[in-house]
$ cat final_3.cif   # mmCIF, C-alpha atoms and all ligand atoms
data_start
#
loop_
_atom_site.label_atom_id
_atom_site.label_comp_id
_atom_site.auth_asym_id
_atom_site.auth_seq_id
_atom_site.Cartn_x
_atom_site.Cartn_y
_atom_site.Cartn_z
CA MET Q 20 -132.46 -7.95 5.87
CA PHE Q 21 -132.11 -7.90 9.64
CA ASN Q 22 -130.17 -10.07 12.06
CA ASN Q 23 -132.30 -11.00 15.08
CA PRO Q 24 -130.29 -12.66 17.88
CA ALA Q 25 -132.51 -14.40 20.47
CA HIS Q 26 -131.46 -12.23 23.43
CA LEU Q 27 -132.46 -8.92 21.79
CA TYR Q 28 -135.76 -7.32 20.78
CA PRO Q 29 -136.18 -8.44 17.17
CA VAL Q 30 -136.89 -6.32 14.14
CA ASN Q 31 -140.45 -7.49 13.58
CA ARG Q 32 -143.27 -7.04 11.17
CA TYR Q 33 -145.92 -5.64 13.51
CA GLN Q 34 -144.06 -2.73 15.11
CA SER Q 35 -140.54 -2.29 13.69
CA LEU Q 36 -141.46 -2.55 10.04
CA VAL Q 37 -144.66 -0.57 10.51
CA LEU Q 38 -142.49 2.23 11.94
CA ALA Q 39 -139.92 1.86 9.14
CA HIS Q 40 -142.60 2.19 6.50
CA LEU Q 41 -144.27 5.17 8.19
CA ALA Q 42 -140.97 6.98 8.77
CA CYS Q 43 -140.33 6.91 5.00
CA GLN Q 44 -143.90 8.00 4.27
CA GLU Q 45 -143.63 10.94 6.69
CA ALA Q 46 -140.19 11.86 5.31
CA VAL Q 47 -141.69 12.27 1.84
CA GLN Q 48 -144.39 14.57 3.25
CA VAL Q 49 -141.93 16.59 5.33
CA ALA Q 50 -139.67 17.06 2.29
CA ALA Q 51 -142.64 18.24 0.22
CA SER Q 52 -143.93 20.63 2.86
CA ALA Q 53 -140.46 22.04 3.61
CA GLY Q 54 -139.65 22.38 -0.11
CA LYS Q 55 -136.47 20.32 0.37
CA PRO Q 56 -135.18 17.30 -1.51
CA MET Q 57 -135.05 14.07 0.56
CA ALA Q 58 -131.27 14.27 0.46
CA ALA Q 59 -131.41 17.55 2.41
CA LEU Q 60 -133.41 16.06 5.31
CA SER Q 61 -131.93 15.11 8.69
CA ALA Q 62 -133.62 12.29 10.60
CA VAL Q 63 -132.94 10.02 13.55
CA GLU Q 64 -134.39 6.85 15.00
CA ILE Q 65 -134.24 6.87 18.80
CA CYS Q 66 -134.74 3.67 20.87
CA CYS Q 67 -133.31 2.21 17.69
CA GLY Q 68 -132.70 -1.46 18.60
CA GLY Q 69 -131.71 -2.96 15.23
CA SER Q 70 -132.60 0.39 13.53
CA PRO Q 71 -135.37 -0.65 11.13
CA ALA Q 72 -136.57 2.94 10.60
CA ALA Q 73 -133.10 4.49 10.37
CA LEU Q 74 -132.00 1.98 7.73
CA ALA Q 75 -135.25 2.31 5.78
CA MET Q 76 -134.95 6.12 5.77
CA LYS Q 77 -131.32 5.93 4.63
CA ALA Q 78 -132.28 3.50 1.87
CA SER Q 79 -135.07 5.91 0.82
CA GLY Q 80 -132.61 8.73 0.24
CA VAL Q 81 -132.79 10.78 3.47
CA GLY Q 82 -129.48 12.69 3.63
CA PHE Q 83 -128.39 12.54 7.29
CA VAL Q 84 -129.67 9.57 9.29
CA GLY Q 85 -128.67 8.81 12.87
CA ALA Q 86 -129.67 6.12 15.36
CA SER Q 87 -129.43 5.97 19.15
CA ASP Q 88 -130.30 3.65 22.01
CA ILE Q 89 -129.63 3.34 25.72
CA GLN Q 90 -128.11 -0.12 25.28
CA GLY Q 91 -124.71 -0.75 23.69
CA VAL Q 92 -125.93 -4.12 22.38
CA SER Q 93 -128.53 -2.30 20.27
CA LEU Q 94 -125.81 -0.22 18.65
CA GLN Q 95 -123.92 -3.43 17.78
CA GLN Q 96 -127.16 -4.84 16.34
CA THR Q 97 -127.58 -1.61 14.31
CA ARG Q 98 -124.04 -1.71 12.91
CA LEU Q 99 -124.45 -5.35 11.95
CA ASN Q 100 -127.77 -4.70 10.21
CA ALA Q 101 -126.26 -1.76 8.34
CA SER Q 102 -123.32 -3.84 7.14
CA ILE Q 103 -125.53 -6.80 6.12
CA ASN Q 104 -127.36 -4.34 3.88
CA GLY Q 105 -124.20 -2.66 2.58
CA MET Q 106 -125.14 0.62 4.25
CA SER Q 107 -123.77 2.94 6.89
CA LEU Q 108 -125.58 5.43 9.09
CA ASP Q 109 -124.20 8.92 9.63
CA ARG Q 110 -124.04 8.66 13.42
CA VAL Q 111 -124.80 5.86 15.88
CA ALA Q 112 -124.94 7.09 19.47
CA LEU Q 113 -125.44 5.78 22.99
CA GLY Q 114 -127.93 7.68 25.14
CA SER Q 115 -131.42 8.04 26.53
CA GLY Q 116 -134.34 9.33 24.47
CA LEU Q 117 -133.56 12.51 22.53
CA GLU Q 118 -130.52 13.36 24.64
CA PRO Q 119 -127.84 12.32 22.06
CA TRP Q 120 -129.40 14.68 19.49
CA ILE Q 121 -129.85 17.82 21.56
CA ASN Q 122 -127.59 20.49 20.11
CA THR Q 123 -127.50 24.26 20.23
CA GLY Q 124 -130.96 24.49 18.62
CA PRO Q 125 -133.55 22.51 16.63
CA TRP Q 126 -132.03 20.85 13.56
CA LEU Q 127 -133.98 17.66 12.80
CA ASP Q 128 -136.69 17.18 10.18
CA LEU Q 129 -137.88 13.82 11.50
CA VAL Q 130 -137.62 11.68 14.63
CA ALA Q 131 -138.86 8.07 14.54
CA CYS Q 132 -139.36 5.89 17.61
CA ASN Q 133 -140.76 2.56 18.77
CA PRO Q 134 -140.31 3.16 22.50
CA PRO Q 135 -140.37 0.55 25.25
CA CYS Q 136 -144.13 0.36 25.63
CA LEU Q 137 -145.42 -2.58 27.63
CA PRO Q 138 -146.90 -1.74 31.03
CA ASP Q 139 -144.23 -2.92 33.51
CA ALA Q 140 -146.63 -5.31 35.24
CA LEU Q 141 -147.02 -7.26 31.99
CA VAL Q 142 -143.31 -7.78 31.32
CA ASP Q 143 -142.22 -11.37 31.97
CA SER Q 144 -139.61 -11.18 34.75
CA ARG Q 145 -137.89 -14.33 33.39
CA LEU Q 146 -136.74 -12.37 30.32
CA GLY Q 147 -133.10 -11.21 30.07
CA THR Q 148 -132.11 -7.60 30.82
CA ALA Q 149 -131.90 -6.48 27.19
CA TRP Q 150 -135.46 -7.67 26.50
CA GLN Q 151 -136.80 -6.07 29.68
CA THR Q 152 -135.14 -2.74 28.85
CA ALA Q 153 -136.68 -2.92 25.38
CA MET Q 154 -140.17 -3.54 26.74
CA LYS Q 155 -140.73 -1.82 30.10
CA GLY Q 156 -142.63 1.41 29.53
CA GLY Q 157 -143.72 2.26 33.10
CA SER Q 158 -147.15 1.65 34.57
CA GLY Q 159 -149.15 2.64 31.46
CA GLY Q 160 -146.43 1.87 28.89
CA PHE Q 161 -145.88 5.55 28.10
CA ASP Q 162 -143.22 6.97 30.47
CA LEU Q 163 -140.42 7.45 27.94
CA LEU Q 164 -142.87 8.44 25.20
CA PHE Q 165 -144.19 11.36 27.29
CA GLU Q 166 -140.65 12.43 28.14
CA ILE Q 167 -139.75 12.48 24.44
CA LEU Q 168 -142.93 14.38 23.50
CA GLY Q 169 -142.04 16.98 26.12
CA ALA Q 170 -138.57 17.56 24.64
CA LEU Q 171 -139.35 17.61 20.90
CA ASP Q 172 -139.06 21.40 20.67
CA LYS Q 173 -135.35 21.10 21.50
CA VAL Q 174 -134.61 19.11 18.33
CA LEU Q 175 -137.40 19.43 15.74
CA LEU Q 176 -137.43 22.18 13.11
CA PRO Q 177 -140.78 24.06 12.80
CA HIS Q 178 -141.90 21.89 9.85
CA GLY Q 179 -140.53 18.72 11.51
CA ARG Q 180 -142.38 15.62 12.67
CA PHE Q 181 -142.17 12.90 15.26
CA VAL Q 182 -143.47 9.50 14.19
CA PHE Q 183 -143.97 6.64 16.64
CA VAL Q 184 -145.95 3.49 17.24
CA VAL Q 185 -148.56 2.85 19.94
CA THR Q 186 -150.03 -0.54 20.75
CA SER Q 187 -153.49 -1.22 22.12
CA MET Q 188 -151.84 -2.75 25.22
CA MET Q 189 -150.59 0.71 26.19
CA ASP Q 190 -152.87 3.15 27.98
CA PHE Q 191 -153.84 4.67 24.62
CA GLU Q 192 -156.66 6.75 26.11
CA ARG Q 193 -154.13 8.55 28.35
CA ILE Q 194 -151.84 8.97 25.34
CA ALA Q 195 -154.66 10.58 23.31
CA GLN Q 196 -155.45 12.93 26.23
CA PHE Q 197 -151.77 13.84 26.55
CA LEU Q 198 -151.52 14.61 22.84
CA HIS Q 199 -154.70 16.70 22.84
CA ARG Q 200 -153.36 18.68 25.78
CA HIS Q 201 -149.83 19.17 24.50
CA VAL Q 202 -150.13 19.42 20.73
CA GLU Q 203 -153.90 19.97 20.30
CA GLN Q 204 -154.76 19.15 16.67
CA ALA Q 205 -151.16 18.72 15.51
CA TRP Q 206 -151.24 14.93 15.58
CA ARG Q 207 -152.87 12.15 13.66
CA VAL Q 208 -152.98 8.42 13.30
CA CYS Q 209 -151.00 7.51 10.18
CA PRO Q 210 -152.73 6.22 7.06
CA GLY Q 211 -152.59 2.43 6.78
CA THR Q 212 -152.84 1.94 10.55
CA PRO Q 213 -153.85 0.44 12.92
CA VAL Q 214 -152.61 -2.97 11.88
CA ALA Q 215 -153.90 -6.10 13.61
CA ALA Q 216 -151.07 -8.06 15.25
CA PRO Q 217 -150.93 -11.46 16.96
CA TYR Q 218 -149.49 -10.98 20.49
CA CYS Q 219 -149.34 -14.38 22.21
CA ARG Q 220 -150.93 -17.84 22.17
CA LEU Q 221 -154.28 -18.11 23.94
CA ASP Q 222 -152.97 -20.87 26.21
CA GLU Q 223 -150.34 -18.59 27.81
CA ALA Q 224 -150.81 -17.90 31.53
CA VAL Q 225 -151.07 -14.11 31.07
CA VAL Q 226 -154.13 -14.27 28.79
CA PRO Q 227 -156.94 -14.33 31.43
CA ARG Q 228 -155.34 -11.26 33.01
CA LEU Q 229 -155.17 -9.45 29.66
CA LEU Q 230 -158.81 -10.26 28.94
CA ALA Q 231 -159.81 -8.96 32.38
CA MET Q 232 -157.93 -5.71 31.61
CA ARG Q 233 -159.74 -5.53 28.29
CA ASP Q 234 -163.10 -6.00 30.01
CA GLU Q 235 -162.21 -3.02 32.22
CA ARG Q 236 -161.35 -0.98 29.08
CA HIS Q 237 -157.66 -0.64 29.93
CA ILE Q 238 -156.37 -2.39 26.79
CA PHE Q 239 -157.90 -3.49 23.47
CA VAL Q 240 -157.20 -7.16 22.67
CA TRP Q 241 -159.29 -10.01 21.34
CA GLN Q 242 -159.22 -13.77 21.06
CA GLY Q 243 -158.74 -14.80 17.45
CA GLU Q 244 -160.20 -18.00 16.12
CA ASP Q 245 -156.65 -19.07 15.23
CA GLY Q 246 -155.48 -19.75 18.82
CA TRP Q 247 -153.81 -16.31 19.23
CA LEU Q 248 -154.55 -13.21 21.26
CA TRP Q 249 -154.55 -10.18 18.93
CA ARG Q 250 -153.99 -6.47 19.46
CA LEU Q 251 -153.63 -3.31 17.35
CA THR Q 252 -150.62 -1.15 16.44
CA TRP Q 253 -151.20 2.46 15.43
CA GLY Q 254 -148.64 4.74 13.83
CA VAL Q 255 -148.85 8.33 15.09
CA ALA Q 256 -147.34 11.48 13.60
CA VAL Q 257 -146.93 14.66 15.65
CA GLY Q 258 -146.10 17.98 14.02
CA ALA Q 259 -143.55 20.28 15.65
CA SER Q 260 -146.16 23.01 15.24
CA ALA Q 261 -149.81 23.25 14.20
CA ALA Q 262 -148.59 24.59 10.85
CA ALA Q 263 -146.52 21.43 10.30
CA MET Q 264 -149.54 19.17 10.44
CA VAL Q 265 -153.12 19.65 9.37
CA SER Q 266 -154.77 16.73 11.09
CA ASP Q 267 -157.92 14.92 10.09
CA ARG Q 268 -157.47 11.89 12.36
CA PRO Q 269 -156.52 12.92 15.92
CA ALA Q 270 -158.07 9.76 17.45
CA PHE Q 271 -157.29 6.08 17.92
CA GLY Q 272 -159.77 3.98 15.92
CA PHE Q 273 -160.30 0.24 16.32
CA TYR Q 274 -160.82 -0.94 12.76
CA PRO Q 275 -157.62 -2.49 11.40
CA TYR Q 276 -156.52 -1.32 7.99
CA GLY Q 277 -156.96 -3.79 5.18
CA PHE Q 278 -159.27 -6.33 6.76
CA MET Q 279 -161.92 -6.58 9.44
CA PRO Q 280 -161.43 -9.45 11.91
CA THR Q 281 -164.41 -11.77 11.96
CA ALA Q 282 -163.76 -13.35 15.39
CA PRO Q 283 -166.82 -12.94 17.66
CA ASP Q 284 -164.50 -11.75 20.44
CA TYR Q 285 -163.27 -8.86 18.27
CA LEU Q 286 -166.87 -7.70 17.87
CA HIS Q 287 -167.33 -8.11 21.63
CA ALA Q 288 -164.23 -5.95 22.21
CA LEU Q 289 -165.74 -3.25 19.97
CA GLU Q 290 -168.89 -3.33 22.10
CA ILE Q 291 -166.87 -2.97 25.32
CA PHE Q 292 -165.26 0.17 23.88
CA GLY Q 293 -168.62 1.54 22.68
CA GLN Q 294 -167.72 1.23 18.99
CA ALA Q 295 -170.20 0.56 16.22
CA ILE Q 296 -170.18 -2.98 14.85
CA PRO Q 297 -169.42 -2.76 11.12
CA ASP Q 298 -172.43 -3.50 8.89
CA ASN Q 299 -170.75 -6.31 7.04
CA PRO Q 300 -167.63 -7.56 8.82
CA LEU Q 301 -167.71 -10.92 7.06
CA PRO Q 302 -165.78 -11.32 3.81
CA LYS Q 303 -168.06 -12.04 0.89
CA VAL Q 304 -168.02 -15.72 -0.03
CA ALA Q 305 -168.86 -16.73 -3.57
CA PRO Q 306 -171.92 -19.04 -3.70
CA ARG Q 307 -171.05 -22.65 -4.56
C1 LIG U 401 -139.39 -1.81 21.49
S1 LIG U 401 -137.66 -1.74 21.22
C2 LIG U 401 -137.64 -1.03 19.59
C3 LIG U 401 -136.40 -1.36 18.77
C4 LIG U 401 -136.48 -0.94 17.31
N1 LIG U 401 -136.66 0.50 17.20
C5 LIG U 401 -137.57 -1.66 16.58
O1 LIG U 401 -138.62 -1.05 16.31
O2 LIG U 401 -137.39 -2.84 16.25
C6 LIG U 401 -137.22 -0.44 22.31
C7 LIG U 401 -135.75 -0.04 22.30
O3 LIG U 401 -135.62 1.08 23.18
C8 LIG U 401 -134.41 1.00 23.88
N2 LIG U 401 -134.54 1.84 25.07
C9 LIG U 401 -135.12 1.54 26.27
N3 LIG U 401 -135.09 2.62 27.09
C10 LIG U 401 -134.48 3.62 26.39
C11 LIG U 401 -134.16 4.97 26.67
N4 LIG U 401 -134.45 5.55 27.84
N5 LIG U 401 -133.53 5.69 25.72
C12 LIG U 401 -133.21 5.15 24.53
N6 LIG U 401 -133.47 3.87 24.20
C13 LIG U 401 -134.13 3.12 25.12
C14 LIG U 401 -134.20 -0.48 24.11
O4 LIG U 401 -132.84 -0.76 24.34
C15 LIG U 401 -134.76 -1.08 22.80
O5 LIG U 401 -133.73 -1.22 21.86
#

$ encode --input "final_3.cif" --output "C-alpha cells"
Amino acid sequence: MFNNPAHLYPVNRYQSLVLAHLACQEAVQVAASAGKPMAALSAVEICCGGSPAALAMKASGVGFVGASDIQGVSLQQTRLNASINGMSLDRVALGSGLEPWINTGPWLDLVACNPPCLPDALVDSRLGTAWQTAMKGGSGGFDLLFEILGALDKVLLPHGRFVFVVTSMMDFERIAQFLHRHVEQAWRVCPGTPVAAPYCRLDEAVVPRLLAMRDERHIFVWQGEDGWLWRLTWGVAVGASAAAMVSDRPAFGFYPYGFMPTAPDYLHALEIFGQAIPDNPLPKVAPR
C-alpha cells in the first residue's frame, strides 16, 4: 500500500510498479548468477519518490535495501510508505543520483531507478516544485539517466545490474544509441515490457503538439479509441559488465506485452516508425 499525497509524484501502476516488479525479477537473476542468497544482496532505489522498488525488493527478501532522492519530501513519503507496510529500509538518504551510495569501491548488486524523464518543454509550468523536480529530465528526458549510466562502475559489483524505466515520450532512440556506445550488448529490454500506458485525455491542450512530435518520430504515442493518448513504458536492465548480462533484446520494440492495441492510430504510429503491422492485431471474436 502506498500513500499518494496530491503535491508529490504518485506511486503509479505504469512506471513505479513496473519498476518495482522488474527490480525483484532482476534481483532473483542477480542472486542466481552471483551464487548468493537474496538475503546477501545489497540494492538501492535512487530517485526513490515513495520508494516502490525499494519496498518491493525489501519485501522480496533482499538483505540490504536503501533509498535516496534529491527532495526531502520524497524521503518523508518513503518513510511513511515503509511504516504503512510495517517495514523499514536499511538506509534512506538525501542526495543526487548515485552520489549517496558512492563509497570506497563498488558494493551494490542492484540499482533501480525511475528517473525524472519528461522532456523539459513538455512539463506543465503550473505544477508545483516537487512535481516539476520529479518530471524534468532535460531536453530529451535523459540528462540524469546518462549521468547515472556514466557513474555505475563506481557502485556496481561486476555481476551487478542497473534496472530503470524508459517511456516512449523520452528520446528513446538517443538512449538506445547511448547504451550501444557505452555498454554495447550488455543491456536488454526486460521481459514483460513495454507496457501500454494512458498518458492524458485527448482533449488536453498539449495533445496536438505531442502528435506533431510523433509524426516527426521524436516520441511514440497514439490516440486510443477510449478518449486517451497512450504511450509505452519499457523496463531496461544494464549489466555492470558484458559477463553480467547476455542480452537477446538490446532494442526498444513497439508491441506492448500482453495485448495489441487495435486503435487505427496505433497502427499508424507503427507505420511512422517503419514497424511491421501485426498480421492479426484484432482480438478473435466468437461468432454469434
Ligand atoms: C519520476 S519520479 C519517480 C519516483 C519513484 N521512484 C516512483 O517510481 O514512483 C522521479 C524522482 O526523482 C527525484 N529526483 C529528481 N532529480 C533527482 C536527482 N538529481 N537525484 C535524485 N533524485 C532526483 C524526484 O524528487 C522524484 O522523486

$ atom_distance --input "final_3.cif" --atom1 "atom CA of Q:Ala195" --atom2 "atom CA of Q:Leu163"
15.3 Å

$ atom_distance --input "final_3.cif" --atom1 "atom CA of Q:Ala112" --atom2 "atom CA of Q:Phe197"
28.6 Å

$ residues_around --input "final_3.cif" --residues "stretch 226-234 of chain Q" --least-positions-apart "4" --cutoff "12 Å" --atoms "all atoms listed in the file" --output "PDB file with C-alpha atoms, in the coordinates of the input"
ATOM      1  CA  PRO Q 138    -146.900  -1.740  31.030  1.00  0.00           C
ATOM      2  CA  ALA Q 140    -146.630  -5.310  35.240  1.00  0.00           C
ATOM      3  CA  LEU Q 141    -147.020  -7.260  31.990  1.00  0.00           C
ATOM      4  CA  SER Q 187    -153.490  -1.220  22.120  1.00  0.00           C
ATOM      5  CA  MET Q 188    -151.840  -2.750  25.220  1.00  0.00           C
ATOM      6  CA  MET Q 189    -150.590   0.710  26.190  1.00  0.00           C
ATOM      7  CA  ASP Q 190    -152.870   3.150  27.980  1.00  0.00           C
ATOM      8  CA  TYR Q 218    -149.490 -10.980  20.490  1.00  0.00           C
ATOM      9  CA  CYS Q 219    -149.340 -14.380  22.210  1.00  0.00           C
ATOM     10  CA  ARG Q 220    -150.930 -17.840  22.170  1.00  0.00           C
ATOM     11  CA  LEU Q 221    -154.280 -18.110  23.940  1.00  0.00           C
ATOM     12  CA  ASP Q 222    -152.970 -20.870  26.210  1.00  0.00           C
ATOM     13  CA  ILE Q 238    -156.370  -2.390  26.790  1.00  0.00           C
ATOM     14  CA  PHE Q 239    -157.900  -3.490  23.470  1.00  0.00           C
ATOM     15  CA  VAL Q 240    -157.200  -7.160  22.670  1.00  0.00           C
ATOM     16  CA  TRP Q 241    -159.290 -10.010  21.340  1.00  0.00           C
ATOM     17  CA  GLN Q 242    -159.220 -13.770  21.060  1.00  0.00           C
ATOM     18  CA  GLY Q 246    -155.480 -19.750  18.820  1.00  0.00           C
ATOM     19  CA  TRP Q 247    -153.810 -16.310  19.230  1.00  0.00           C
ATOM     20  CA  LEU Q 248    -154.550 -13.210  21.260  1.00  0.00           C
ATOM     21  CA  TRP Q 249    -154.550 -10.180  18.930  1.00  0.00           C
ATOM     22  CA  ARG Q 250    -153.990  -6.470  19.460  1.00  0.00           C
ATOM     23  CA  ASP Q 284    -164.500 -11.750  20.440  1.00  0.00           C
ATOM     24  CA  TYR Q 285    -163.270  -8.860  18.270  1.00  0.00           C
ATOM     25  CA  HIS Q 287    -167.330  -8.110  21.630  1.00  0.00           C
ATOM     26  CA  ALA Q 288    -164.230  -5.950  22.210  1.00  0.00           C
ATOM     27  CA  LEU Q 289    -165.740  -3.250  19.970  1.00  0.00           C
ATOM     28  CA  GLU Q 290    -168.890  -3.330  22.100  1.00  0.00           C
ATOM     29  CA  ILE Q 291    -166.870  -2.970  25.320  1.00  0.00           C
ATOM     30  CA  PHE Q 292    -165.260   0.170  23.880  1.00  0.00           C
ATOM     31  CA  GLY Q 293    -168.620   1.540  22.680  1.00  0.00           C
TER      32      GLY Q 293
END

$ closest_residue --input "final_3.cif" --among "Q:Phe165, Q:Trp120, Q:Tyr276, Q:Tyr28" --to "Q:Gly69" --atoms "all atoms listed in the file"
Q:Tyr28

$ closest_atom_pairs --input "final_3.cif" --of "chain Q" --to "ligand LIG 401 (chain U)" --cutoff "6 Å" --atoms "all atoms listed in the file" --output "JSON lines"
{"residue": "Q:Tyr28", "atom": "CA", "partner": "U:LIG401", "partner_atom": "S1", "distance": 5.9}
{"residue": "Q:Pro29", "atom": "CA", "partner": "U:LIG401", "partner_atom": "O2", "distance": 5.8}
{"residue": "Q:Val30", "atom": "CA", "partner": "U:LIG401", "partner_atom": "O2", "distance": 4.1}
{"residue": "Q:Gln34", "atom": "CA", "partner": "U:LIG401", "partner_atom": "O1", "distance": 5.8}
{"residue": "Q:Ser35", "atom": "CA", "partner": "U:LIG401", "partner_atom": "O1", "distance": 3.5}
{"residue": "Q:Cys66", "atom": "CA", "partner": "U:LIG401", "partner_atom": "N6", "distance": 3.6}
{"residue": "Q:Cys67", "atom": "CA", "partner": "U:LIG401", "partner_atom": "N1", "distance": 3.8}
{"residue": "Q:Gly68", "atom": "CA", "partner": "U:LIG401", "partner_atom": "O5", "distance": 3.4}
{"residue": "Q:Gly69", "atom": "CA", "partner": "U:LIG401", "partner_atom": "C4", "distance": 5.6}
{"residue": "Q:Ser70", "atom": "CA", "partner": "U:LIG401", "partner_atom": "N1", "distance": 5.5}
{"residue": "Q:Pro71", "atom": "CA", "partner": "U:LIG401", "partner_atom": "O2", "distance": 5.9}
{"residue": "Q:Asp88", "atom": "CA", "partner": "U:LIG401", "partner_atom": "N6", "distance": 3.9}
{"residue": "Q:Ile89", "atom": "CA", "partner": "U:LIG401", "partner_atom": "N6", "distance": 4.2}
{"residue": "Q:Gln90", "atom": "CA", "partner": "U:LIG401", "partner_atom": "O4", "distance": 4.9}
{"residue": "Q:Ser93", "atom": "CA", "partner": "U:LIG401", "partner_atom": "O5", "distance": 5.5}
{"residue": "Q:Gly114", "atom": "CA", "partner": "U:LIG401", "partner_atom": "C12", "distance": 5.9}
{"residue": "Q:Ser115", "atom": "CA", "partner": "U:LIG401", "partner_atom": "N5", "distance": 3.3}
{"residue": "Q:Gly116", "atom": "CA", "partner": "U:LIG401", "partner_atom": "N5", "distance": 3.9}
{"residue": "Q:Asn133", "atom": "CA", "partner": "U:LIG401", "partner_atom": "C2", "distance": 4.8}
{"residue": "Q:Pro134", "atom": "CA", "partner": "U:LIG401", "partner_atom": "C6", "distance": 4.7}
{"residue": "Q:Pro135", "atom": "CA", "partner": "U:LIG401", "partner_atom": "C6", "distance": 4.4}
{"residue": "Q:Thr152", "atom": "CA", "partner": "U:LIG401", "partner_atom": "C9", "distance": 5.0}
{"residue": "Q:Ala153", "atom": "CA", "partner": "U:LIG401", "partner_atom": "C14", "distance": 3.7}
{"residue": "Q:Met154", "atom": "CA", "partner": "U:LIG401", "partner_atom": "C1", "distance": 5.6}

$ atom_distance --input "final_3.cif" --atom1 "atom CA of Q:Val214" --atom2 "atom CA of Q:Glu192"
17.7 Å

$ closest_residue --input "final_3.cif" --among "Q:Thr281, Q:Gly272, Q:Ala86, Q:Ala205" --to "Q:Gln294" --atoms "all atoms listed in the file"
Q:Gly272

$ closest_residue --input "final_3.cif" --among "Q:Leu176, Q:Met57, Q:Ala131, Q:Ala75" --to "Q:Ser87" --atoms "all atoms listed in the file"
Q:Ala131

$ residues_near_point --input "final_3.cif" --point "(-126.1, 1.9, 10.7)" --cutoff "10 Å" --atoms "all atoms listed in the file" --output "PyMOL selection string"
chain Q and resi 69-71+73-74+77+84-87+94-111

$ closest_residue --input "final_3.cif" --among "Q:Ser144, Q:Ser79, Q:Ser52, Q:Gln196" --to "Q:Ala39" --atoms "only C-alpha atoms"
Q:Ser79

$ residues_around --input "final_3.cif" --residues "Q:Met264" --least-positions-apart "6" --cutoff "8 Å" --atoms "only C-alpha atoms" --output "PyMOL selection string"
chain Q and resi 205-206+257-258

$ write_last_selection --input "final_3.cif" --atoms "C-alpha atoms" --output "tab-separated table (two decimals), in the frame of the given file"
chain	number	residue	atom	x	y	z
Q	205	ALA	CA	-151.16	18.72	15.51
Q	206	TRP	CA	-151.24	14.93	15.58
Q	257	VAL	CA	-146.93	14.66	15.65
Q	258	GLY	CA	-146.10	17.98	14.02

$ closest_residue --input "final_3.cif" --among "Q:Ala62, Q:Trp150, Q:Pro280, Q:Ala259" --to "Q:Pro297" --atoms "only C-alpha atoms"
Q:Pro280

$ residues_around --input "final_3.cif" --residues "Q:Val49" --least-positions-apart "5" --cutoff "10 Å" --atoms "only C-alpha atoms" --output "list of chain:residue names"
Q:Cys43, Q:Gln44, Q:Gly54, Q:Lys55, Q:Pro56, Q:Met57, Q:Leu60, Q:Asp128, Q:Leu129, Q:His178, Q:Gly179, Q:Arg180, Q:Gly258, Q:Ala263, Q:Met264
